[in-house]
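Here is target11.tsv, consisting of TSV, C-alpha atoms:
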```tsv
chain	number	residue	atom	x	y	z
L	1	MET	CA	-11.16	49.55	55.17
L	2	ILE	CA	-8.93	47.25	53.08
L	3	LYS	CA	-6.20	49.87	53.29
L	4	LYS	CA	-6.52	49.94	57.08
L	5	LEU	CA	-6.23	46.15	57.24
L	6	LEU	CA	-3.12	46.30	55.04
L	7	VAL	CA	-1.59	48.94	57.31
L	8	LEU	CA	-2.46	46.80	60.35
L	9	LEU	CA	-0.73	43.80	58.76
L	10	ILE	CA	2.42	45.82	58.00
L	11	VAL	CA	2.49	47.29	61.52
L	12	LEU	CA	1.98	43.84	63.09
L	13	ALA	CA	4.82	42.41	60.98
L	14	THR	CA	7.12	45.25	62.10
L	15	ALA	CA	6.05	44.79	65.72
L	16	TRP	CA	6.75	41.05	65.42
L	17	VAL	CA	10.34	41.78	64.34
L	18	GLY	CA	10.64	44.20	67.26
L	19	LEU	CA	9.30	41.62	69.71
L	20	LEU	CA	11.84	39.06	68.44
L	21	ALA	CA	14.57	41.61	69.18
L	22	ILE	CA	13.09	42.43	72.61
L	23	ALA	CA	13.07	38.74	73.57
L	24	GLU	CA	16.84	38.63	73.01
L	25	LEU	CA	17.53	41.68	75.24
L	26	PRO	CA	19.15	41.02	78.65
L	27	PRO	CA	16.54	40.39	81.37
L	28	TYR	CA	14.85	43.54	82.69
L	29	GLY	CA	15.95	45.06	85.99
L	30	MET	CA	19.04	42.94	86.66
L	31	PRO	CA	22.02	44.85	88.15
L	32	ASP	CA	24.60	43.05	85.94
L	33	ASN	CA	23.04	44.13	82.64
L	34	PRO	CA	25.51	45.61	80.12
L	35	VAL	CA	23.71	48.97	80.45
L	36	HIS	CA	25.15	49.41	83.96
L	37	ASN	CA	28.79	49.65	82.87
L	38	GLN	CA	31.71	51.73	84.12
L	39	VAL	CA	30.13	54.95	82.84
L	40	SER	CA	27.14	54.87	85.18
L	41	GLU	CA	29.39	53.50	87.97
L	42	ARG	CA	31.58	56.59	87.61
L	43	TYR	CA	28.51	58.85	87.72
L	44	ILE	CA	27.06	57.11	90.78
L	45	ASN	CA	30.31	56.90	92.77
L	46	ASP	CA	32.10	60.15	91.88
L	47	ALA	CA	29.30	62.62	91.08
L	48	LEU	CA	29.29	64.13	94.58
L	49	GLU	CA	33.08	64.69	94.71
L	50	GLU	CA	33.34	65.96	91.14
L	51	THR	CA	30.28	68.17	90.85
L	52	ARG	CA	28.96	68.73	94.40
L	53	ALA	CA	25.43	67.82	93.24
L	54	MET	CA	23.26	65.49	95.31
L	55	ASN	CA	21.10	64.55	92.33
L	56	MET	CA	23.05	62.53	89.79
L	57	VAL	CA	20.72	63.43	86.91
L	58	THR	CA	21.38	67.10	87.66
L	59	ALA	CA	25.12	66.38	87.78
L	60	ILE	CA	24.99	64.73	84.34
L	61	VAL	CA	22.74	67.31	82.69
L	62	LEU	CA	24.41	70.44	84.09
L	63	ASP	CA	28.03	69.35	84.56
L	64	TYR	CA	29.24	66.25	82.70
L	65	ARG	CA	27.12	67.00	79.63
L	66	ALA	CA	26.83	70.75	79.99
L	67	TYR	CA	27.57	71.33	76.28
L	68	ASP	CA	24.64	69.07	75.42
L	69	THR	CA	22.35	71.16	77.61
L	70	MET	CA	23.75	74.41	76.20
L	71	PHE	CA	23.08	73.42	72.58
L	72	GLU	CA	19.71	72.03	73.64
L	73	THR	CA	18.76	75.61	74.48
L	74	ILE	CA	19.74	76.49	70.89
L	75	VAL	CA	17.37	73.78	69.64
L	76	LEU	CA	14.59	75.22	71.80
L	77	PHE	CA	15.42	78.78	70.67
L	78	THR	CA	15.39	77.76	67.00
L	79	ALA	CA	12.04	76.02	67.43
L	80	ALA	CA	10.55	79.08	69.13
L	81	LEU	CA	11.95	81.29	66.36
L	82	ALA	CA	10.52	79.00	63.66
L	83	VAL	CA	7.09	79.04	65.32
L	84	VAL	CA	7.12	82.85	65.58
L	85	ILE	CA	8.22	83.24	61.92
L	86	THR	CA	5.63	80.73	60.69
L	87	LEU	CA	2.78	82.45	62.47
L	88	LYS	CA	3.99	86.02	61.97
L	89	THR	CA	4.23	85.97	58.15
L	90	ASP	CA	0.70	84.63	58.14
L	91	LYS	CA	-0.54	87.63	60.13
L	92	LYS	CA	1.36	90.04	57.87
L	93	GLU	CA	-0.14	88.54	54.70
L	94	LEU	CA	-3.56	88.66	56.31
L	95	GLY	CA	-2.99	92.35	57.16
L	96	ASP	CA	-1.92	93.10	53.57
L	97	GLY	CA	-5.02	91.34	52.26
L	98	GLU	CA	-7.22	93.41	54.53
L	99	GLU	CA	-5.53	96.59	53.37
L	100	GLU	CA	-6.06	95.66	49.74
L	101	GLY	CA	-9.65	94.76	50.52
L	102	GLY	CA	-10.10	98.13	52.25
L	103	ARG	CA	-8.87	99.97	49.21
E	1	MET	CA	7.49	29.63	70.98
E	2	LYS	CA	6.99	29.20	74.71
E	3	THR	CA	10.50	30.40	75.45
E	4	LEU	CA	9.83	33.52	73.37
E	5	LEU	CA	6.72	34.23	75.45
E	6	GLU	CA	8.64	33.69	78.69
E	7	LYS	CA	11.39	36.06	77.55
E	8	LEU	CA	8.75	38.65	76.61
E	9	ILE	CA	7.14	38.34	80.07
E	10	VAL	CA	10.55	38.88	81.71
E	11	ASN	CA	11.10	41.94	79.49
E	12	TYR	CA	7.56	43.29	79.89
E	13	PRO	CA	8.46	47.06	79.92
E	14	TYR	CA	10.15	46.70	76.53
E	15	PHE	CA	7.12	44.76	75.32
E	16	PHE	CA	4.78	47.58	76.38
E	17	ALA	CA	7.08	50.09	74.72
E	18	MET	CA	6.83	48.11	71.46
E	19	VAL	CA	3.02	47.96	71.78
E	20	LEU	CA	2.88	51.73	72.37
E	21	PHE	CA	5.16	52.31	69.36
E	22	SER	CA	2.87	50.19	67.18
E	23	ILE	CA	-0.15	52.18	68.37
E	24	GLY	CA	1.68	55.37	67.39
E	25	VAL	CA	2.56	54.03	63.93
E	26	MET	CA	-1.04	52.89	63.41
E	27	THR	CA	-2.29	56.36	64.39
E	28	VAL	CA	0.12	58.09	62.01
E	29	LEU	CA	-0.72	55.80	59.09
E	30	THR	CA	-4.51	55.47	59.39
E	31	ARG	CA	-5.71	58.86	60.68
E	32	SER	CA	-6.04	61.67	58.16
E	33	ASN	CA	-6.44	64.41	60.77
E	34	LEU	CA	-3.08	66.16	61.10
E	35	PHE	CA	-3.50	66.73	64.85
E	36	LYS	CA	-4.02	63.00	65.35
E	37	LYS	CA	-0.98	62.24	63.20
E	38	LEU	CA	1.05	64.53	65.47
E	39	LEU	CA	-0.37	62.78	68.53
E	40	GLY	CA	0.75	59.46	67.03
E	41	ILE	CA	4.28	60.82	66.56
E	42	ASN	CA	4.29	61.89	70.21
E	43	ILE	CA	3.07	58.44	71.29
E	44	MET	CA	5.95	56.88	69.34
E	45	GLY	CA	8.34	59.23	71.16
E	46	SER	CA	6.90	58.23	74.53
E	47	ALA	CA	7.51	54.58	73.62
E	48	GLY	CA	11.18	55.42	73.05
E	49	TYR	CA	11.40	57.16	76.42
E	50	ILE	CA	9.85	54.15	78.17
E	51	LEU	CA	12.30	51.80	76.42
E	52	PHE	CA	15.33	53.80	77.52
E	53	ILE	CA	14.19	54.48	81.10
E	54	ALA	CA	13.27	50.81	81.55
E	55	ALA	CA	16.69	49.77	80.24
E	56	GLY	CA	18.33	51.89	82.96
E	57	ASN	CA	16.20	50.49	85.80
E	58	ILE	CA	17.38	48.04	88.44
E	59	ARG	CA	14.92	45.98	90.48
E	60	GLY	CA	15.04	47.17	94.10
E	61	GLY	CA	17.15	50.21	93.22
E	62	THR	CA	16.38	53.72	94.43
E	63	ASP	CA	16.22	56.98	92.49
E	64	PRO	CA	19.69	58.41	91.71
E	65	ILE	CA	19.67	61.03	94.49
E	66	LEU	CA	22.35	60.56	97.14
E	67	HIS	CA	21.05	59.34	100.50
E	68	GLN	CA	24.00	59.86	102.83
E	69	SER	CA	22.35	58.05	105.73
E	70	ASP	CA	22.45	54.71	103.88
E	71	PRO	CA	25.77	54.02	102.10
E	72	GLY	CA	24.85	50.59	100.73
E	73	THR	CA	21.90	51.61	98.54
E	74	VAL	CA	21.67	50.46	94.91
E	75	TYR	CA	20.99	53.39	92.58
E	76	VAL	CA	19.31	53.02	89.18
E	77	ASN	CA	21.28	54.18	86.14
E	78	PRO	CA	21.03	58.02	85.98
E	79	LEU	CA	22.30	58.27	82.39
E	80	PRO	CA	19.08	57.26	80.50
E	81	SER	CA	17.03	59.73	82.57
E	82	ALA	CA	19.43	62.55	81.67
E	83	LEU	CA	19.46	61.60	77.98
E	84	MET	CA	15.66	61.37	77.83
E	85	LEU	CA	15.47	64.89	79.26
E	86	THR	CA	17.27	66.00	76.08
E	87	GLY	CA	14.93	63.88	73.97
E	88	ILE	CA	11.85	65.43	75.58
E	89	VAL	CA	13.11	68.93	74.78
E	90	VAL	CA	13.64	68.00	71.12
E	91	SER	CA	10.19	66.37	71.01
E	92	VAL	CA	8.56	69.50	72.45
E	93	SER	CA	10.34	71.66	69.86
E	94	VAL	CA	9.23	69.45	66.97
E	95	THR	CA	5.66	69.37	68.31
E	96	ALA	CA	5.52	73.15	68.63
E	97	PHE	CA	6.80	73.67	65.08
E	98	ALA	CA	4.44	71.03	63.65
E	99	LEU	CA	1.48	72.65	65.44
E	100	SER	CA	2.36	76.05	63.97
E	101	LEU	CA	2.57	74.46	60.50
E	102	ILE	CA	-0.85	72.87	61.04
E	103	ILE	CA	-2.27	76.28	62.01
E	104	ARG	CA	-0.84	77.72	58.76
E	105	LEU	CA	-2.37	74.85	56.76
E	106	TYR	CA	-5.73	75.40	58.44
E	107	LYS	CA	-5.69	79.09	57.59
E	108	GLU	CA	-4.70	78.27	54.00
E	109	TYR	CA	-7.13	75.42	53.30
E	110	GLY	CA	-9.78	75.68	56.03
E	111	THR	CA	-9.30	72.10	57.17
E	112	THR	CA	-6.80	69.95	59.08
E	113	ASP	CA	-7.62	66.79	57.13
E	114	ALA	CA	-4.59	65.61	55.15
E	115	ARG	CA	-6.65	63.81	52.48
E	116	ARG	CA	-8.88	66.82	51.85
E	117	ILE	CA	-5.82	69.08	51.59
E	118	ALA	CA	-4.25	66.68	49.08
E	119	ARG	CA	-7.50	66.65	47.05
E	120	MET	CA	-7.62	70.47	47.04
E	121	ARG	CA	-3.99	70.63	45.90
E	122	ASN	CA	-4.75	68.14	43.12
E	123	GLU	CA	-7.69	70.24	41.93
E	124	VAL	CA	-5.54	73.39	41.95
E	125	THR	CA	-2.79	71.77	39.87
E	126	LYS	CA	-5.37	70.28	37.46
E	127	SER	CA	-7.03	73.65	36.89
E	128	ASP	CA	-3.60	75.22	36.42
E	129	SER	CA	-2.65	72.70	33.72
E	130	SER	CA	-6.05	73.10	31.99
E	131	ASP	CA	-5.59	76.90	32.02
E	132	ARG	CA	-2.20	76.46	30.34
E	133	GLY	CA	-3.71	74.03	27.79
```
I'd like the structure from this file rewritten - as structure tokens, please.
Amino acid sequence: MIKKLLVLLIVLATAWVGLLAIAELPPYGMPDNPVHNQVSERYINDALEETRAMNMVTAIVLDYRAYDTMFETIVLFTAALAVVITLKTDKKELGDGEEEGGR
Amino acid sequence: MKTLLEKLIVNYPYFFAMVLFSIGVMTVLTRSNLFKKLLGINIMGSAGYILFIAAGNIRGGTDPILHQSDPGTVYVNPLPSALMLTGIVVSVSVTAFALSLIIRLYKEYGTTDARRIARMRNEVTKSDSSDRG
């Protein structure tokens, strides 16, 4: 219980620092925020001419940042491989144990 | 103090993202069940997604799909949505791998409680050292 209170205090202190940072961010939802710079302007204005995609998110994911998407599939493949290896060795060991038990 | 509160009310999506992140950190630090720890990590990830998507939003803007009938529409920033798609894929991969590790741990120790697993490991190492002694 004391440990939980200590953790709560630490988390609240961290959250307080985060809230101080959030208060200094540019106001939410304004069109002249620094997030909406020339990069997103280029995507919004030229995506149709450059990629022939109606959906700008699709244009970014599959055309402007196609390498990102390609190596993302490698991340997914590696994760699937790791899951299969982790669970497969377990089954094999279990099978060996059963064989030894059978003998 | 009042100005800080006013700024937080203006930036309320970021505020909720911070609250969600704190909930995730609390879950990871206080729960001993490994599944709940993993849930806390996923909640922290969702807070990050909310922060980024909210940063790309514009009040009164439409979704970034071209509407040719209306040339004067304001579109929200499509870049954070595309980047968060990548983040979600990484999060799913990490979750899948962590779940498989938890299944291995459960088969090894018969429990998903991190404290109990640590106690069992301690007992094993103690008995090992006493055997050597």
Mind running chain L against chain E at 7 Å and telling me each contacting residue's nearest atom pair with the distance in Å (one decimal), counting all atoms listed in the file, chain and number ascending, as a Markdown table?
```
| residue | atom | partner | partner_atom | distance |
| --- | --- | --- | --- | --- |
| L:Lys4 | CA | E:Thr30 | CA | 6.3 |
| L:Leu8 | CA | E:Met26 | CA | 7.0 |
| L:Val11 | CA | E:Ser22 | CA | 6.4 |
| L:Ala15 | CA | E:Ser22 | CA | 6.4 |
| L:Gly18 | CA | E:Met18 | CA | 6.9 |
| L:Leu19 | CA | E:Phe15 | CA | 6.8 |
| L:Ile22 | CA | E:Tyr14 | CA | 6.5 |
| L:Ala23 | CA | E:Lys7 | CA | 5.1 |
| L:Pro27 | CA | E:Asn11 | CA | 6.0 |
| L:Tyr28 | CA | E:Asn11 | CA | 5.2 |
| L:Gly29 | CA | E:Ile58 | CA | 4.1 |
| L:Met30 | CA | E:Ile58 | CA | 5.7 |
| L:Pro31 | CA | E:Ile58 | CA | 5.6 |
| L:Val35 | CA | E:Gly56 | CA | 6.6 |
| L:His36 | CA | E:Asn77 | CA | 6.5 |
| L:Ser40 | CA | E:Asn77 | CA | 6.0 |
| L:Met54 | CA | E:Leu66 | CA | 5.3 |
| L:Asn55 | CA | E:Ile65 | CA | 4.4 |
| L:Met56 | CA | E:Pro64 | CA | 5.7 |
| L:Val57 | CA | E:Ala82 | CA | 5.5 |
| L:Ile60 | CA | E:Ala82 | CA | 6.5 |
| L:Val61 | CA | E:Ala82 | CA | 5.9 |
| L:Glu72 | CA | E:Thr86 | CA | 6.9 |
| L:Leu76 | CA | E:Ser93 | CA | 5.9 |
| L:Ala79 | CA | E:Ser93 | CA | 5.3 |
| L:Ala82 | CA | E:Phe97 | CA | 6.7 |
| L:Val83 | CA | E:Phe97 | CA | 5.4 |
| L:Thr86 | CA | E:Ser100 | CA | 6.6 |
| L:Leu87 | CA | E:Ser100 | CA | 6.6 |
```
Computed interatomic separation between atom CA of Leu20 of chain E and atom CA of Ile88 of chain E (Å): 16.7 Å
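The interatomic distance for the pair atom CA of Met1 of chain L and atom CA of Ser32 of chain E works out to 13.5 Å.
Relative to atom CA of Ala21 of chain L, atom CA of Ser46 of chain E is found at 19.1 Å.
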Output segment 38-52 of chain L from the block with N, CA and C atoms, as a PDB file, in the first residue's frame?
```pdb
ATOM      1  N   GLN L  38       5.153  23.421 -44.541  1.00  0.00           N
ATOM      2  CA  GLN L  38       5.155  23.201 -45.992  1.00  0.00           C
ATOM      3  C   GLN L  38       5.062  21.729 -46.358  1.00  0.00           C
ATOM      4  N   VAL L  39       5.443  20.835 -45.443  1.00  0.00           N
ATOM      5  CA  VAL L  39       5.400  19.401 -45.759  1.00  0.00           C
ATOM      6  C   VAL L  39       3.959  18.957 -45.982  1.00  0.00           C
ATOM      7  N   SER L  40       3.083  19.252 -44.998  1.00  0.00           N
ATOM      8  CA  SER L  40       1.692  18.821 -45.151  1.00  0.00           C
ATOM      9  C   SER L  40       1.009  19.622 -46.254  1.00  0.00           C
ATOM     10  N   GLU L  41       1.440  20.880 -46.484  1.00  0.00           N
ATOM     11  CA  GLU L  41       0.873  21.647 -47.606  1.00  0.00           C
ATOM     12  C   GLU L  41       1.162  20.957 -48.927  1.00  0.00           C
ATOM     13  N   ARG L  42       2.412  20.491 -49.063  1.00  0.00           N
ATOM     14  CA  ARG L  42       2.786  19.776 -50.297  1.00  0.00           C
ATOM     15  C   ARG L  42       1.917  18.527 -50.451  1.00  0.00           C
ATOM     16  N   TYR L  43       1.749  17.764 -49.357  1.00  0.00           N
ATOM     17  CA  TYR L  43       0.946  16.546 -49.445  1.00  0.00           C
ATOM     18  C   TYR L  43      -0.488  16.874 -49.836  1.00  0.00           C
ATOM     19  N   ILE L  44      -1.068  17.934 -49.225  1.00  0.00           N
ATOM     20  CA  ILE L  44      -2.475  18.227 -49.475  1.00  0.00           C
ATOM     21  C   ILE L  44      -2.669  18.769 -50.884  1.00  0.00           C
ATOM     22  N   ASN L  45      -1.735  19.612 -51.371  1.00  0.00           N
ATOM     23  CA  ASN L  45      -1.958  20.267 -52.662  1.00  0.00           C
ATOM     24  C   ASN L  45      -1.540  19.393 -53.840  1.00  0.00           C
ATOM     25  N   ASP L  46      -0.439  18.620 -53.699  1.00  0.00           N
ATOM     26  CA  ASP L  46       0.130  17.948 -54.859  1.00  0.00           C
ATOM     27  C   ASP L  46      -0.063  16.434 -54.851  1.00  0.00           C
ATOM     28  N   ALA L  47      -0.742  15.887 -53.829  1.00  0.00           N
ATOM     29  CA  ALA L  47      -0.829  14.425 -53.747  1.00  0.00           C
ATOM     30  C   ALA L  47      -1.553  13.854 -54.954  1.00  0.00           C
ATOM     31  N   LEU L  48      -2.609  14.530 -55.418  1.00  0.00           N
ATOM     32  CA  LEU L  48      -3.395  13.978 -56.528  1.00  0.00           C
ATOM     33  C   LEU L  48      -2.564  13.959 -57.814  1.00  0.00           C
ATOM     34  N   GLU L  49      -1.835  15.065 -58.093  1.00  0.00           N
ATOM     35  CA  GLU L  49      -1.047  15.104 -59.337  1.00  0.00           C
ATOM     36  C   GLU L  49       0.106  14.116 -59.273  1.00  0.00           C
ATOM     37  N   GLU L  50       0.741  13.992 -58.079  1.00  0.00           N
ATOM     38  CA  GLU L  50       1.966  13.202 -58.011  1.00  0.00           C
ATOM     39  C   GLU L  50       1.719  11.715 -57.828  1.00  0.00           C
ATOM     40  N   THR L  51       0.620  11.343 -57.180  1.00  0.00           N
ATOM     41  CA  THR L  51       0.426   9.922 -56.903  1.00  0.00           C
ATOM     42  C   THR L  51      -0.885   9.369 -57.437  1.00  0.00           C
ATOM     43  N   ARG L  52      -1.793  10.222 -57.898  1.00  0.00           N
ATOM     44  CA  ARG L  52      -3.096   9.774 -58.409  1.00  0.00           C
ATOM     45  C   ARG L  52      -3.919   9.059 -57.343  1.00  0.00           C
TER      46      ARG L  52
END
```
